[in-house]
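Q: This is the structure I want to talk about, given as structure tokens.
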Number of protein chains: 2
Amino acid sequence: MRRVARELGIGTMSLYHYVRSKDELMDLVSDAVMGVQLVDEAELRRGWRPALRAIATATRRNFEHHPWILAAMQPRPRQVPGPNSLRHFDQSVAAVVDLDVDLPTKMEIVALIDDYVFGFSLRAYLAGLEQRVEEAEPRWMQAVFDYMAIELETGAYPNVARIVEANRAAGGKDEDLPAMVLQEGRFERGLERLLDGIEVELKRRRGR
Amino acid sequence: MRRVARELGIGTMSLYHYVRSKDELMDLVSDAVMGVQLVDEAELRRGWRPALRAIATATRRNFEHHPWILAAMQPRPRQVPGPNSLRHFDQSVAAVVDLDVDLPTKMEIVALIDDYVFGFSLRAYLAGLEQRVEEAEPRWMQAVFDYMAIELETGAYPNVARIVEANRAAGGKDEDLPAMVLQEGRFERGLERLLDGIEVELKRRRGR
DNA sequence: CGTGTATTCGTACGGCGTACGGTACTAGTA
DNA sequence: TACTAGTACCGTACGCCGTACGAATACACG
């Protein structure tokens, strides 16, 4: 709060004229961030799959630009989502509202997409800190492999050891492993698999 | 740190003989928590799908019992996963190591499952605070609907409005909506859809 | 017994969020 | 013109926090 006030060129306590507490300020900022990921209305009319894909990638891109809000999110009692979060929710509803399934299923699909986007973004953030995911994740995996290399002989991680050995047998180098492991476009591919799974469920229900 | 020391009946600074900083203590605790979700080795030999399912549900159950570690996780530079996290990784590798796909695909499957489990757990935690998910999420959704009810007439959330109206037209009450929206077993159903999506991808690759 | 090492911890420092009470300015009223 | 009400601002101080520093104590071993 002191720093924010300093950068605004005002006294610290002046902030509290507009905001009840630091938490409330955080809520406002978080919701403001959620506002910039809203998707063009036309995207929502191209069927559930393109619509959900557009919403998910926009959300992911937004978290990529503002990863710190993931860490700033703390559970607070009786906190209610802000208008921009609700608008995001409303757009997700738009994507599934015409599906031929019952309401709970529609809402679970919406929640499922958000779960994935949040999880991917959080883990990418934890692994990557300030860098872009595509650079950071291999570095993180490198650290993992480096660390595990010490323990590999002890047999503590037998399955990773199998992979390392298979890679050696194929003439590959250990250093290449991390880069092979997590590659660009991982978010999009994971999303497509999730959408595939949803599609399977939709067909199954329609079959009945 | 002061409270931990007090509960241990020692001076605050005595902690720093065993631990370099509060962050390091957090890392140790987090990794200790990751240790209790390890899965029986026999589970890993029942095929990739049961194995991944067992790992994911064990992880989810663990996060349900210790949700605060999700909030405690902060991106720290040059942090390396602890032995228990690596053991979890190794178990995931065991589940996919025999699949008939290339290595990067195997690793993406592993990461995908973790992304979902993390995302679900984080969002459930944010929505639910201390309560069980099954109780908390409806309460959260109730707050959402209550809040949105105010705005529904303004047309700010047209798609949610459509759902509310459809529910009224079917003779349902507004109060029933939150409970209809998120129901028990949501994690397991979402996981099955994710596994379905992975299965689709495996078949596609095998077909080539 | 002395001596080095492991363990404990009291004090103090700089940072934080913010409660409290006050000051300055503006707009409206008479 | 003087008075008032409300808005905006902020200096000071309190009680937290993590932890740097250095001293005190306990213990193991020659």
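Each chain of the structure tokens is named A, B, ... in the order shown, its residues numbered from 1; ligands are numbered from 1 in display order.
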Taking only C-alpha atoms (C1' of nucleotides) into account, what are the residues of chain C at most 12 Å from chain B, put as a list in words?

A: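 Per the criterion, chain C yields DA6, DT7, DT8, DC9, DG10 and DT11 of chain C.
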
Q: Residues of chain D no more than 10 Å from chain B, counting only C-alpha atoms (C1' of nucleotides): send them over as a list in words.

A: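 Every residue meeting the condition is included here: DC17, DG18 and DT19 of chain D.
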
Q: Using only C-alpha atoms, select each residue of chain A with any atom at most 6 Å away from an atom of chain B, and give the selection as a PDB file with N, CA and C atoms, in the first residue's frame.

A:
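This went into result.pdb:
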ATOM      1  N   PRO A  75      -8.330 -17.314  -0.680  1.00  0.00           N
ATOM      2  CA  PRO A  75      -9.719 -17.529  -0.290  1.00  0.00           C
ATOM      3  C   PRO A  75     -10.126 -16.524   0.772  1.00  0.00           C
ATOM      4  N   ASP A  90     -20.769 -15.441 -17.745  1.00  0.00           N
ATOM      5  CA  ASP A  90     -21.905 -15.318 -18.663  1.00  0.00           C
ATOM      6  C   ASP A  90     -21.511 -15.720 -20.087  1.00  0.00           C
ATOM      7  N   ALA A  94     -22.982 -18.682 -22.420  1.00  0.00           N
ATOM      8  CA  ALA A  94     -23.433 -18.500 -23.797  1.00  0.00           C
ATOM      9  C   ALA A  94     -22.928 -19.619 -24.698  1.00  0.00           C
ATOM     10  N   PRO A 104     -27.209 -29.021 -15.260  1.00  0.00           N
ATOM     11  CA  PRO A 104     -25.993 -29.316 -14.487  1.00  0.00           C
ATOM     12  C   PRO A 104     -24.822 -29.711 -15.376  1.00  0.00           C
ATOM     13  N   MET A 107     -23.232 -26.644 -16.872  1.00  0.00           N
ATOM     14  CA  MET A 107     -22.429 -25.877 -15.929  1.00  0.00           C
ATOM     15  C   MET A 107     -21.138 -26.594 -15.588  1.00  0.00           C
ATOM     16  N   ASP A 115     -11.345 -24.858 -14.753  1.00  0.00           N
ATOM     17  CA  ASP A 115     -10.400 -25.619 -13.933  1.00  0.00           C
ATOM     18  C   ASP A 115      -9.098 -25.842 -14.683  1.00  0.00           C
ATOM     19  N   TYR A 116      -9.219 -26.261 -15.916  1.00  0.00           N
ATOM     20  CA  TYR A 116      -8.009 -26.537 -16.700  1.00  0.00           C
ATOM     21  C   TYR A 116      -7.191 -25.274 -16.918  1.00  0.00           C
ATOM     22  N   PHE A 118      -7.124 -22.494 -15.236  1.00  0.00           N
ATOM     23  CA  PHE A 118      -6.506 -22.070 -13.979  1.00  0.00           C
ATOM     24  C   PHE A 118      -5.322 -22.966 -13.628  1.00  0.00           C
ATOM     25  N   GLY A 119      -5.529 -24.258 -13.709  1.00  0.00           N
ATOM     26  CA  GLY A 119      -4.474 -25.187 -13.319  1.00  0.00           C
ATOM     27  C   GLY A 119      -3.251 -25.037 -14.190  1.00  0.00           C
ATOM     28  N   PHE A 120      -3.463 -24.980 -15.495  1.00  0.00           N
ATOM     29  CA  PHE A 120      -2.325 -24.815 -16.390  1.00  0.00           C
ATOM     30  C   PHE A 120      -1.584 -23.519 -16.077  1.00  0.00           C
ATOM     31  N   LEU A 126       4.084 -21.155 -11.453  1.00  0.00           N
ATOM     32  CA  LEU A 126       4.952 -21.679 -10.394  1.00  0.00           C
ATOM     33  C   LEU A 126       6.277 -22.149 -10.969  1.00  0.00           C
ATOM     34  N   LEU A 129       7.987 -18.466 -13.080  1.00  0.00           N
ATOM     35  CA  LEU A 129       8.226 -17.129 -12.571  1.00  0.00           C
ATOM     36  C   LEU A 129       8.049 -16.103 -13.675  1.00  0.00           C
ATOM     37  N   TYR A 157      13.822 -43.389  -8.211  1.00  0.00           N
ATOM     38  CA  TYR A 157      12.896 -42.985  -9.270  1.00  0.00           C
ATOM     39  C   TYR A 157      13.024 -43.926 -10.458  1.00  0.00           C
ATOM     40  N   ASN A 159      11.075 -45.231 -12.685  1.00  0.00           N
ATOM     41  CA  ASN A 159      10.404 -45.027 -13.968  1.00  0.00           C
ATOM     42  C   ASN A 159      11.033 -43.912 -14.774  1.00  0.00           C
ATOM     43  N   VAL A 160      11.447 -42.861 -14.090  1.00  0.00           N
ATOM     44  CA  VAL A 160      12.197 -41.827 -14.782  1.00  0.00           C
ATOM     45  C   VAL A 160      13.515 -42.417 -15.281  1.00  0.00           C
ATOM     46  N   MET A 180      12.483 -31.931 -24.694  1.00  0.00           N
ATOM     47  CA  MET A 180      11.547 -32.854 -25.335  1.00  0.00           C
ATOM     48  C   MET A 180      10.261 -32.972 -24.541  1.00  0.00           C
ATOM     49  N   VAL A 181      10.373 -32.674 -23.290  1.00  0.00           N
ATOM     50  CA  VAL A 181       9.304 -33.031 -22.372  1.00  0.00           C
ATOM     51  C   VAL A 181       8.117 -32.070 -22.450  1.00  0.00           C
ATOM     52  N   ARG A 193      -7.717 -31.805 -26.107  1.00  0.00           N
ATOM     53  CA  ARG A 193      -8.043 -33.107 -25.519  1.00  0.00           C
ATOM     54  C   ARG A 193      -9.225 -33.001 -24.584  1.00  0.00           C
ATOM     55  N   LEU A 194      -9.227 -31.925 -23.826  1.00  0.00           N
ATOM     56  CA  LEU A 194     -10.356 -31.703 -22.924  1.00  0.00           C
ATOM     57  C   LEU A 194     -11.653 -31.556 -23.720  1.00  0.00           C
ATOM     58  N   ASP A 196     -12.192 -32.746 -26.671  1.00  0.00           N
ATOM     59  CA  ASP A 196     -12.495 -34.090 -27.179  1.00  0.00           C
ATOM     60  C   ASP A 196     -13.287 -34.886 -26.149  1.00  0.00           C
ATOM     61  N   GLY A 197     -12.817 -34.829 -24.915  1.00  0.00           N
ATOM     62  CA  GLY A 197     -13.491 -35.568 -23.853  1.00  0.00           C
ATOM     63  C   GLY A 197     -14.914 -35.097 -23.658  1.00  0.00           C
ATOM     64  N   ILE A 198     -15.111 -33.781 -23.720  1.00  0.00           N
ATOM     65  CA  ILE A 198     -16.466 -33.235 -23.599  1.00  0.00           C
ATOM     66  C   ILE A 198     -17.333 -33.733 -24.752  1.00  0.00           C
TER      67      ILE A 198
END

Q: Let's have chain A fitted on chain B; use all the C-alpha atoms paired in order for the least-squares step and return it as a compact mmCIF listing (two decimals) with C-alpha atoms, in the first residue's frame.

A:
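Resulting contents of result.txt:
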# COMPACT_ATOMS: atom_id res chain seq x y z
CA MET A 1 7.46 -18.38 12.58
CA ARG A 2 6.78 -16.97 16.04
CA ARG A 3 3.63 -19.02 16.32
CA VAL A 4 5.25 -22.22 15.12
CA ALA A 5 8.01 -21.75 17.66
CA ARG A 6 5.49 -21.05 20.40
CA GLU A 7 3.51 -24.21 19.59
CA LEU A 8 6.77 -26.15 19.66
CA GLY A 9 7.67 -24.60 22.98
CA ILE A 10 10.96 -23.15 21.79
CA GLY A 11 12.31 -19.72 20.96
CA THR A 12 11.53 -18.23 17.58
CA MET A 13 15.09 -18.06 16.41
CA SER A 14 15.73 -21.67 17.25
CA LEU A 15 13.80 -22.55 14.12
CA TYR A 16 16.49 -20.94 12.05
CA HIS A 17 18.96 -23.51 13.20
CA TYR A 18 17.12 -26.10 11.12
CA VAL A 19 15.75 -23.93 8.35
CA ARG A 20 17.28 -21.14 6.36
CA SER A 21 14.11 -19.10 6.00
CA LYS A 22 10.34 -19.27 6.20
CA ASP A 23 10.23 -20.05 2.48
CA GLU A 24 12.46 -23.06 2.97
CA LEU A 25 10.20 -24.29 5.76
CA MET A 26 7.22 -23.89 3.43
CA ASP A 27 8.98 -25.91 0.76
CA LEU A 28 9.69 -28.68 3.24
CA VAL A 29 6.10 -28.75 4.47
CA SER A 30 4.72 -28.71 0.93
CA ASP A 31 6.89 -31.61 -0.08
CA ALA A 32 6.00 -33.50 3.07
CA VAL A 33 2.34 -33.13 2.14
CA MET A 34 3.06 -34.40 -1.36
CA GLY A 35 4.39 -37.57 0.24
CA VAL A 36 1.10 -38.85 1.60
CA GLN A 37 -0.61 -38.99 -1.78
CA LEU A 38 1.66 -41.61 -3.24
CA VAL A 39 -0.21 -44.52 -4.71
CA ASP A 40 0.23 -48.23 -4.16
CA GLU A 41 2.61 -49.68 -6.71
CA ALA A 42 0.07 -52.33 -7.71
CA GLU A 43 -2.31 -49.58 -8.88
CA LEU A 44 0.25 -48.46 -11.41
CA ARG A 45 0.25 -51.82 -13.20
CA ARG A 46 -3.45 -51.87 -14.09
CA GLY A 47 -3.06 -49.90 -17.29
CA TRP A 48 -2.60 -46.22 -17.95
CA ARG A 49 -6.17 -45.18 -17.30
CA PRO A 50 -6.75 -46.77 -13.88
CA ALA A 51 -3.25 -45.72 -12.88
CA LEU A 52 -3.73 -42.06 -13.84
CA ARG A 53 -7.16 -42.12 -12.20
CA ALA A 54 -5.71 -43.46 -8.97
CA ILE A 55 -2.93 -40.89 -8.93
CA ALA A 56 -5.26 -38.02 -9.72
CA THR A 57 -7.87 -38.91 -7.09
CA ALA A 58 -5.19 -39.44 -4.46
CA THR A 59 -3.71 -36.05 -5.25
CA ARG A 60 -7.11 -34.42 -5.19
CA ARG A 61 -7.96 -36.01 -1.84
CA ASN A 62 -4.69 -34.76 -0.45
CA PHE A 63 -5.30 -31.20 -1.61
CA GLU A 64 -8.77 -31.43 -0.14
CA HIS A 65 -7.25 -32.23 3.24
CA HIS A 66 -4.46 -29.65 3.01
CA PRO A 67 -5.85 -26.92 0.77
CA TRP A 68 -3.68 -24.19 2.24
CA ILE A 69 -0.57 -25.50 0.52
CA LEU A 70 -2.12 -24.37 -2.76
CA ALA A 71 -2.18 -20.83 -1.45
CA ALA A 72 1.24 -21.25 0.11
CA MET A 73 2.77 -22.16 -3.23
CA GLN A 74 4.52 -19.11 -4.51
CA PRO A 75 6.85 -18.93 -7.45
CA ARG A 76 10.40 -18.89 -6.16
CA PRO A 77 13.41 -18.71 -8.42
CA ARG A 78 15.71 -21.73 -8.66
CA GLN A 79 13.36 -23.74 -6.46
CA VAL A 80 13.56 -27.44 -7.19
CA PRO A 81 10.80 -29.93 -6.39
CA GLY A 82 11.41 -32.01 -3.29
CA PRO A 83 11.85 -35.78 -3.25
CA ASN A 84 8.17 -36.46 -2.63
CA SER A 85 7.07 -34.27 -5.52
CA LEU A 86 9.55 -36.10 -7.70
CA ARG A 87 8.22 -39.41 -6.47
CA HIS A 88 4.75 -38.26 -7.53
CA PHE A 89 6.21 -37.37 -10.90
CA ASP A 90 7.87 -40.76 -11.12
CA GLN A 91 4.61 -42.52 -10.40
CA SER A 92 2.89 -40.54 -13.13
CA VAL A 93 5.65 -41.55 -15.49
CA ALA A 94 5.07 -45.17 -14.52
CA ALA A 95 1.45 -44.83 -15.59
CA VAL A 96 2.32 -43.74 -19.13
CA VAL A 97 5.73 -45.24 -19.76
CA ASP A 98 4.42 -48.23 -21.68
CA LEU A 99 2.11 -46.27 -23.95
CA ASP A 100 2.72 -46.58 -27.66
CA VAL A 101 3.38 -42.88 -28.25
CA ASP A 102 6.47 -40.71 -28.31
CA LEU A 103 8.04 -39.36 -25.16
CA PRO A 104 6.81 -35.75 -25.40
CA THR A 105 3.25 -36.98 -25.70
CA LYS A 106 3.67 -39.15 -22.61
CA MET A 107 4.95 -36.22 -20.61
CA GLU A 108 2.18 -33.95 -21.83
CA ILE A 109 -0.37 -36.44 -20.60
CA VAL A 110 1.26 -36.44 -17.18
CA ALA A 111 1.32 -32.66 -17.06
CA LEU A 112 -2.25 -32.44 -18.29
CA ILE A 113 -3.56 -34.53 -15.43
CA ASP A 114 -1.68 -32.44 -12.89
CA ASP A 115 -2.95 -29.25 -14.47
CA TYR A 116 -6.52 -30.39 -14.02
CA VAL A 117 -6.05 -31.60 -10.46
CA PHE A 118 -4.33 -28.38 -9.46
CA GLY A 119 -6.90 -26.21 -11.18
CA PHE A 120 -9.86 -28.01 -9.71
CA SER A 121 -8.36 -27.98 -6.24
CA LEU A 122 -7.38 -24.34 -6.40
CA ARG A 123 -10.76 -23.18 -7.60
CA ALA A 124 -12.57 -25.35 -5.10
CA TYR A 125 -10.37 -23.87 -2.40
CA LEU A 126 -10.96 -20.31 -3.53
CA ALA A 127 -14.70 -20.87 -3.64
CA GLY A 128 -14.94 -22.92 -0.50
CA LEU A 129 -12.48 -21.79 2.10
CA GLU A 130 -12.69 -24.13 5.04
CA GLN A 131 -15.74 -26.18 4.14
CA ARG A 132 -15.98 -29.29 2.01
CA VAL A 133 -16.40 -28.58 -1.67
CA GLU A 134 -19.81 -30.13 -1.89
CA GLU A 135 -21.16 -27.67 0.65
CA ALA A 136 -19.11 -24.67 -0.34
CA GLU A 137 -19.52 -24.50 -4.07
CA PRO A 138 -23.32 -24.25 -3.98
CA ARG A 139 -22.99 -21.52 -1.37
CA TRP A 140 -20.62 -19.68 -3.65
CA MET A 141 -22.92 -20.18 -6.62
CA GLN A 142 -25.77 -18.96 -4.46
CA ALA A 143 -23.87 -15.73 -3.89
CA VAL A 144 -23.26 -15.44 -7.60
CA PHE A 145 -26.92 -15.90 -8.46
CA ASP A 146 -28.01 -13.56 -5.69
CA TYR A 147 -25.66 -10.91 -6.95
CA MET A 148 -26.59 -11.42 -10.57
CA ALA A 149 -30.28 -11.30 -9.79
CA ILE A 150 -29.85 -7.61 -9.14
CA GLU A 151 -28.28 -7.07 -12.50
CA LEU A 152 -30.36 -9.47 -14.52
CA GLU A 153 -32.96 -6.88 -15.46
CA THR A 154 -30.30 -4.52 -16.71
CA GLY A 155 -29.33 -7.06 -19.36
CA ALA A 156 -25.70 -7.21 -18.28
CA TYR A 157 -25.76 -11.01 -18.12
CA PRO A 158 -28.12 -12.07 -20.87
CA ASN A 159 -27.12 -15.72 -21.01
CA VAL A 160 -27.45 -16.37 -17.32
CA ALA A 161 -30.78 -14.59 -17.57
CA ARG A 162 -31.84 -17.08 -20.23
CA ILE A 163 -31.06 -19.94 -17.88
CA VAL A 164 -32.93 -18.37 -15.01
CA GLU A 165 -35.96 -17.77 -17.22
CA ALA A 166 -35.85 -21.28 -18.64
CA ASN A 167 -35.76 -22.61 -15.12
CA ARG A 168 -38.73 -20.46 -14.15
CA ALA A 169 -40.64 -21.55 -17.23
CA ALA A 170 -40.09 -25.18 -16.23
CA GLY A 171 -41.63 -24.39 -12.85
CA GLY A 172 -38.34 -24.41 -10.95
CA LYS A 173 -37.35 -21.97 -8.25
CA ASP A 174 -34.38 -19.64 -8.46
CA GLU A 175 -33.10 -20.96 -5.16
CA ASP A 176 -32.66 -24.43 -6.64
CA LEU A 177 -30.28 -23.22 -9.32
CA PRO A 178 -27.01 -23.12 -7.37
CA ALA A 179 -27.41 -26.66 -6.07
CA MET A 180 -28.22 -27.86 -9.60
CA VAL A 181 -25.15 -26.23 -10.94
CA LEU A 182 -22.31 -27.92 -9.14
CA GLN A 183 -22.85 -31.35 -7.72
CA GLU A 184 -20.94 -34.00 -5.88
CA GLY A 185 -18.59 -36.08 -7.94
CA ARG A 186 -17.73 -33.20 -10.18
CA PHE A 187 -14.02 -33.88 -9.87
CA GLU A 188 -14.36 -37.52 -10.85
CA ARG A 189 -16.61 -36.77 -13.82
CA GLY A 190 -14.27 -34.07 -15.07
CA LEU A 191 -11.38 -36.47 -14.72
CA GLU A 192 -13.16 -39.11 -16.79
CA ARG A 193 -13.75 -36.58 -19.52
CA LEU A 194 -10.12 -35.66 -19.52
CA LEU A 195 -9.18 -39.34 -19.72
CA ASP A 196 -11.68 -39.76 -22.54
CA GLY A 197 -9.94 -36.97 -24.40
CA ILE A 198 -6.55 -38.59 -23.86
CA GLU A 199 -7.97 -41.87 -25.12
CA VAL A 200 -9.22 -40.18 -28.28
CA GLU A 201 -5.74 -38.81 -28.88
CA LEU A 202 -4.13 -42.21 -28.27
CA LYS A 203 -6.44 -43.89 -30.77
CA ARG A 204 -5.80 -41.18 -33.31
CA ARG A 205 -2.05 -41.65 -33.04
CA ARG A 206 -2.32 -45.41 -33.16
CA GLY A 207 -4.40 -45.13 -36.30
CA ARG A 208 -1.60 -43.43 -38.12

Q: Just to confirm, what's the straight-line distance from atom C1' of DA12 of chain C to atom C1' of DC10 of chain D in Å (one decimal)?

A: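 So the answer is 28.8 Å.
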
Q: Which residues are close to DA13 of chain D, i.e. within 12 Å by only C-alpha atoms (C1' of nucleotides), leaving aside same-chain residues fewer than 3 positions away? Reply as a count of residues only.

A: 4

Q: Would you mind writing down, as a PyMOL selection string, each residue of segment 15-208 of chain A that DSSP on the backbone assigns to helix (DSSP H, G or I)?

A: chain A and resi 15-17+22-35+41-45+48-65+68-72+83-96+103-128+133-152+158-169+174-181+186-207
